[in-house]
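Enquirer: Can you read through this structure? Questions will come right after.
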Amino acid sequence: MPDPGPSPLQSSLPAAAAAFGTYGHGRGVEAVGCVRPEQLAVPAPAGPPAPAAAPNPALERILRGPGGLGTAGLHPARTEVRPSEPSTPSAPPAPAEPAAGRPIPGLYHHPVPEPDPVRVEEVSRRIKAWADEVDLYPPEWEDQFDGFSVGRYMVACHPDAPTLDHLMLATRLMVAENVVDDCYCEDHGGSPVGLGGRLLLAHTALDPLHTTAEYQPQWSQSLHSDAPRRAYRSAMEHLLQGASPSQADRFRHDMARLHMGYLAEAAWAETGYVPQVWEYLAMRQFNNFRPCPTITDTVGGYELPADLHAQPAMQRVIALAGNATTIVNDLYSYTKELASPGRHLNLPVVIAEREGVSVKEAYLKAVEVHNDLMHAFEAAAADLAIACPAPNVARFLRGVAAWVDGNHYWHMTNTYRYSLPDFW
C-alpha cells in the first residue's frame, strides 16, 4: 500500500513543549488557560531564532509525552511491576512474532509495536476467568470468544496502562459492550424488535435505578437475569473502583450515546430504510467506539478534569477519533457482514445504494471518508495541544491517538474475524 508518510501525530509537538512548564498545574480550565487560546502564545526563546518547525509540531509532543522533573509518571512506559503483574523474567522474552493480516490498501494509519506478549497472555487469562465468573457465554461460543483476541486488542490500545488491573477495567467493558451488541442487536439472538426496552434495562446496570424500597429488590435481581446485564453490572462495578465519580459519569453518558445509535440503526432495520450517507455517518457518531477512548485516562491511572474533557475542542477530537475508528470497523468487517444473514448497513453498502456506484467504488470511497476523518482528528488534536499546553491534556490526546492506532492494529491482524474484499 502507499506509504502514509510521517504522521502529524508523530511530527508536531515541540511548539507546545516550552509552555508545559508554565501552564497546566491547576485543575480547572482557567488554571490551564484554555478559555482564550490567544493568551497561550509560547514565548520566543532567548538566543538566535530557532529553525522552522516541522508541520504540526504539537502532535509529536503528544506521542513523546512531557519531559523534565516530575513527569516520569506521565510516560506510557511501565516503570515498575506491581504485585498484580507477573514477575519479570530474568532473561528478556523473545520478540513477538509479527501479527498476521495486511492493511487495507490506501488506508491512512500508523503502525504500532507488537503488544507485550506477557501482558496479552495475562489479560487473556483474566478476562476468560471473568467471563466464567459472570456466566457470559455457553460452551459452544468459546471459540468465538477466544477468536476475538480481546487481550491483544486492549494491550495494543492502552500502552500507558500502569498495571494489569488498569488494563482489565477497559477489557471487561469492551467484552460487556460486545455481549450487549451480539445478544441484543446482532447474530446471537439479537433483534431490532423490542430493542429499546432491553437496552434501557441493561443501561440501569451502568446508571443505577433509584426507586422505592418496594421495587428496588426486583430491579437488583434483574441485573443477573441475562448475560448482557451481568456483564454490564460486573464491569461497571470494577470501573467504579478505578475511576473518579466524574470519569464514571462521563462513561455512562457515552454509553447512552452508544445505545441511542443502536436504536437508530434498529429503527431503520425495522422499516427497511437505507439512510442517506450523511445520515448513516450521523448514526455512526453515536453507534461507535467512543466509550473506549473516552476512558483512556482512567485506564492510564490519571484523570483529565471534567471541565477540560467537556471543552468543545476536546469533544471534537474524541468524536472524530470515534468516527474514524468505527469506519475502520465498517471496512474490515465488510466481507464478514456480507456473509451474515440479513442486510447489514455499513458505509460501503450505503454509499453504493445512495450514490449509485459499484460496490468496489463504494468501498474505495469509504476508505477516503475514513482518511478524511483521520486527518481531521489529527489536525484537531494538534490545534488543541497548542491552544491548551497542559500535561494532562497532552497525555489524554496521546492516549486517544494510541487507541485509534491500536484499534486499527487489532482489526488488521484479527484474521479469525476479518478478511479483505478482492478489490485490488
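Please note that chains go A, B, ... in the order of the C-alpha cells, that every chain numbers its residues from 1, and that ligands are numbered from 1 in the order shown.
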If DSSP is run on the backbone, what residues of segment 121-356 of chain A are helix (DSSP H, G or I)? A reply as a compact mmCIF listing (two decimals) with C-alpha atoms, in the first residue's frame would be ideal.

Expert:
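Printed below is result09.txt as written:
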# COMPACT_ATOMS: atom_id res chain seq x y z
CA GLU A 121 -1.36 -13.62 27.82
CA GLU A 122 -2.27 -12.50 31.33
CA VAL A 123 -5.11 -10.20 30.25
CA SER A 124 -6.47 -13.02 28.08
CA ARG A 125 -6.35 -15.41 31.04
CA ARG A 126 -8.03 -12.96 33.39
CA ILE A 127 -10.81 -11.98 31.00
CA LYS A 128 -11.68 -15.62 30.38
CA ALA A 129 -11.85 -16.23 34.13
CA TRP A 130 -14.13 -13.21 34.47
CA ALA A 131 -16.34 -14.48 31.64
CA ASP A 132 -16.78 -17.74 33.55
CA GLU A 133 -17.48 -15.81 36.75
CA PRO A 139 -19.56 -23.55 25.79
CA GLU A 140 -20.31 -23.56 22.06
CA TRP A 141 -19.31 -19.88 21.84
CA GLU A 142 -15.87 -20.37 23.36
CA ASP A 143 -14.02 -20.41 20.04
CA GLN A 144 -15.61 -17.07 19.12
CA PHE A 145 -14.65 -15.60 22.47
CA ASP A 146 -11.06 -16.75 22.02
CA GLY A 147 -11.02 -15.57 18.40
CA PHE A 148 -11.97 -12.07 19.48
CA VAL A 150 -9.51 -9.07 23.35
CA GLY A 151 -6.27 -9.27 25.33
CA ARG A 152 -4.20 -8.31 22.30
CA TYR A 153 -6.76 -5.63 21.46
CA MET A 154 -6.64 -3.87 24.81
CA VAL A 155 -2.88 -4.12 25.31
CA ALA A 156 -2.37 -2.54 21.88
CA CYS A 157 -4.87 0.25 22.61
CA LEU A 164 -2.82 -5.20 34.52
CA ASP A 165 -5.61 -4.14 36.85
CA HIS A 166 -5.93 -0.90 34.90
CA LEU A 167 -5.99 -2.82 31.61
CA MET A 168 -8.72 -5.07 32.93
CA LEU A 169 -11.01 -2.07 33.52
CA ALA A 170 -11.08 -1.50 29.76
CA THR A 171 -11.10 -5.18 28.86
CA ARG A 172 -14.21 -6.06 30.87
CA LEU A 173 -16.08 -3.08 29.45
CA MET A 174 -15.08 -3.95 25.88
CA VAL A 175 -16.33 -7.51 26.31
CA ALA A 176 -19.53 -6.37 28.02
CA GLU A 177 -20.31 -3.91 25.23
CA ASN A 178 -19.82 -6.63 22.62
CA VAL A 179 -22.03 -9.06 24.52
CA VAL A 180 -24.83 -6.48 24.56
CA ASP A 181 -24.36 -5.86 20.83
CA ASP A 182 -24.28 -9.57 19.96
CA CYS A 183 -27.14 -10.71 22.18
CA TYR A 184 -29.46 -7.72 21.86
CA CYS A 185 -28.71 -6.40 18.36
CA LEU A 195 -34.54 -3.40 21.46
CA GLY A 196 -35.30 -0.14 23.27
CA GLY A 197 -36.72 -1.90 26.30
CA ARG A 198 -33.79 -4.31 26.53
CA LEU A 199 -31.22 -1.53 26.24
CA LEU A 200 -32.97 0.64 28.80
CA LEU A 201 -32.96 -2.13 31.38
CA ALA A 202 -29.34 -3.02 30.63
CA HIS A 203 -28.35 0.62 30.94
CA GLN A 216 -35.57 -1.94 44.47
CA PRO A 217 -35.07 -5.70 45.09
CA GLN A 218 -36.79 -6.62 41.83
CA TRP A 219 -34.50 -4.30 39.89
CA SER A 220 -31.42 -5.63 41.67
CA GLN A 221 -32.42 -9.19 40.84
CA SER A 222 -32.97 -8.26 37.18
CA ALA A 227 -25.51 -12.23 30.11
CA PRO A 228 -25.55 -8.61 28.89
CA ARG A 229 -26.82 -7.27 32.21
CA ARG A 230 -24.49 -9.50 34.22
CA ALA A 231 -21.56 -8.29 32.15
CA TYR A 232 -22.52 -4.60 32.39
CA ARG A 233 -23.11 -4.84 36.15
CA SER A 234 -19.81 -6.53 36.92
CA ALA A 235 -17.70 -4.45 34.51
CA MET A 236 -19.17 -1.22 35.90
CA GLU A 237 -18.54 -2.31 39.49
CA HIS A 238 -14.89 -2.81 38.61
CA LEU A 239 -14.71 0.53 36.77
CA LEU A 240 -16.03 2.35 39.84
CA GLN A 241 -13.06 1.02 41.81
CA GLY A 242 -10.61 2.71 39.45
CA PRO A 245 -17.17 9.90 40.02
CA SER A 246 -16.64 12.32 37.12
CA GLN A 247 -14.92 9.71 34.97
CA ALA A 248 -17.64 7.16 35.69
CA ASP A 249 -20.39 9.60 34.78
CA ARG A 250 -18.56 10.52 31.58
CA PHE A 251 -18.55 6.84 30.64
CA ARG A 252 -22.28 6.48 31.40
CA HIS A 253 -23.00 9.44 29.13
CA ASP A 254 -21.05 7.95 26.26
CA MET A 255 -22.77 4.59 26.73
CA ALA A 256 -26.14 6.37 26.47
CA ARG A 257 -24.88 7.82 23.18
CA LEU A 258 -23.95 4.31 22.04
CA HIS A 259 -27.36 2.92 22.91
CA MET A 260 -29.10 5.75 21.05
CA GLY A 261 -27.07 4.82 17.97
CA TYR A 262 -28.14 1.19 18.34
CA LEU A 263 -31.76 2.29 18.41
CA ALA A 264 -31.46 4.42 15.27
CA GLU A 265 -29.94 1.53 13.34
CA ALA A 266 -32.63 -0.81 14.67
CA ALA A 267 -35.39 1.58 13.60
CA TRP A 268 -34.01 1.67 10.06
CA ALA A 269 -33.80 -2.12 10.02
CA GLU A 270 -37.44 -2.44 11.10
CA THR A 271 -38.66 -0.10 8.36
CA VAL A 277 -24.72 8.78 3.55
CA TRP A 278 -24.69 11.78 5.87
CA GLU A 279 -27.49 10.22 7.94
CA TYR A 280 -25.53 7.00 8.24
CA LEU A 281 -22.45 8.91 9.39
CA ALA A 282 -24.59 10.73 11.97
CA MET A 283 -25.81 7.39 13.31
CA ARG A 284 -22.22 6.10 13.40
CA GLN A 285 -21.15 9.06 15.51
CA PHE A 286 -23.31 7.54 18.24
CA PRO A 293 -11.05 6.05 24.07
CA THR A 294 -13.02 8.34 26.39
CA ILE A 295 -11.76 6.31 29.39
CA THR A 296 -8.11 6.38 28.32
CA ASP A 297 -7.20 8.46 31.39
CA THR A 298 -8.93 6.05 33.77
CA VAL A 299 -7.03 3.15 32.23
CA GLY A 300 -3.84 5.24 32.36
CA ALA A 306 -14.25 17.27 33.71
CA ASP A 307 -14.02 20.91 32.65
CA LEU A 308 -11.17 20.10 30.26
CA HIS A 309 -12.87 16.98 28.92
CA PRO A 312 -15.81 21.75 22.67
CA ALA A 313 -12.36 21.34 21.13
CA MET A 314 -11.74 18.18 23.18
CA GLN A 315 -15.19 16.85 22.37
CA ARG A 316 -14.44 17.32 18.67
CA VAL A 317 -11.19 15.36 18.99
CA ILE A 318 -12.92 12.49 20.79
CA ALA A 319 -15.83 12.45 18.33
CA LEU A 320 -13.53 12.36 15.30
CA ALA A 321 -11.46 9.58 16.87
CA GLY A 322 -14.61 7.54 17.48
CA ASN A 323 -15.88 8.18 13.97
CA ALA A 324 -12.61 7.21 12.27
CA THR A 325 -12.16 4.03 14.30
CA THR A 326 -15.74 2.97 13.60
CA ILE A 327 -15.30 3.34 9.84
CA VAL A 328 -12.24 1.10 10.25
CA ASN A 329 -14.65 -1.49 11.61
CA ASP A 330 -17.01 -0.99 8.66
CA LEU A 331 -14.16 -1.58 6.22
CA TYR A 332 -12.51 -4.60 7.85
CA TYR A 334 -17.30 -5.70 5.23
CA THR A 335 -16.94 -9.28 3.91
CA LYS A 336 -17.95 -10.75 7.28
CA GLU A 337 -21.20 -8.79 7.25
CA LEU A 338 -21.94 -9.64 3.63
CA LEU A 347 -20.60 2.70 4.93
CA PRO A 348 -19.71 0.95 1.62
CA VAL A 349 -23.23 -0.54 1.36
CA VAL A 350 -24.86 2.84 1.99
CA ILE A 351 -22.61 4.67 -0.47
CA ALA A 352 -23.26 2.05 -3.18
CA GLU A 353 -27.03 2.33 -2.82
CA ARG A 354 -27.39 6.05 -2.23
CA GLU A 355 -24.77 7.26 -4.71

Enquirer: In terms of the shortest atom-to-atom distance over only C-alpha atoms, which of A:Val112, A:Ala161, A:Ala387, A:Ile104 is closest to Asn407 of chain A?

Expert: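 Result for the nearest residue to Asn407 of chain A: A:Val112.
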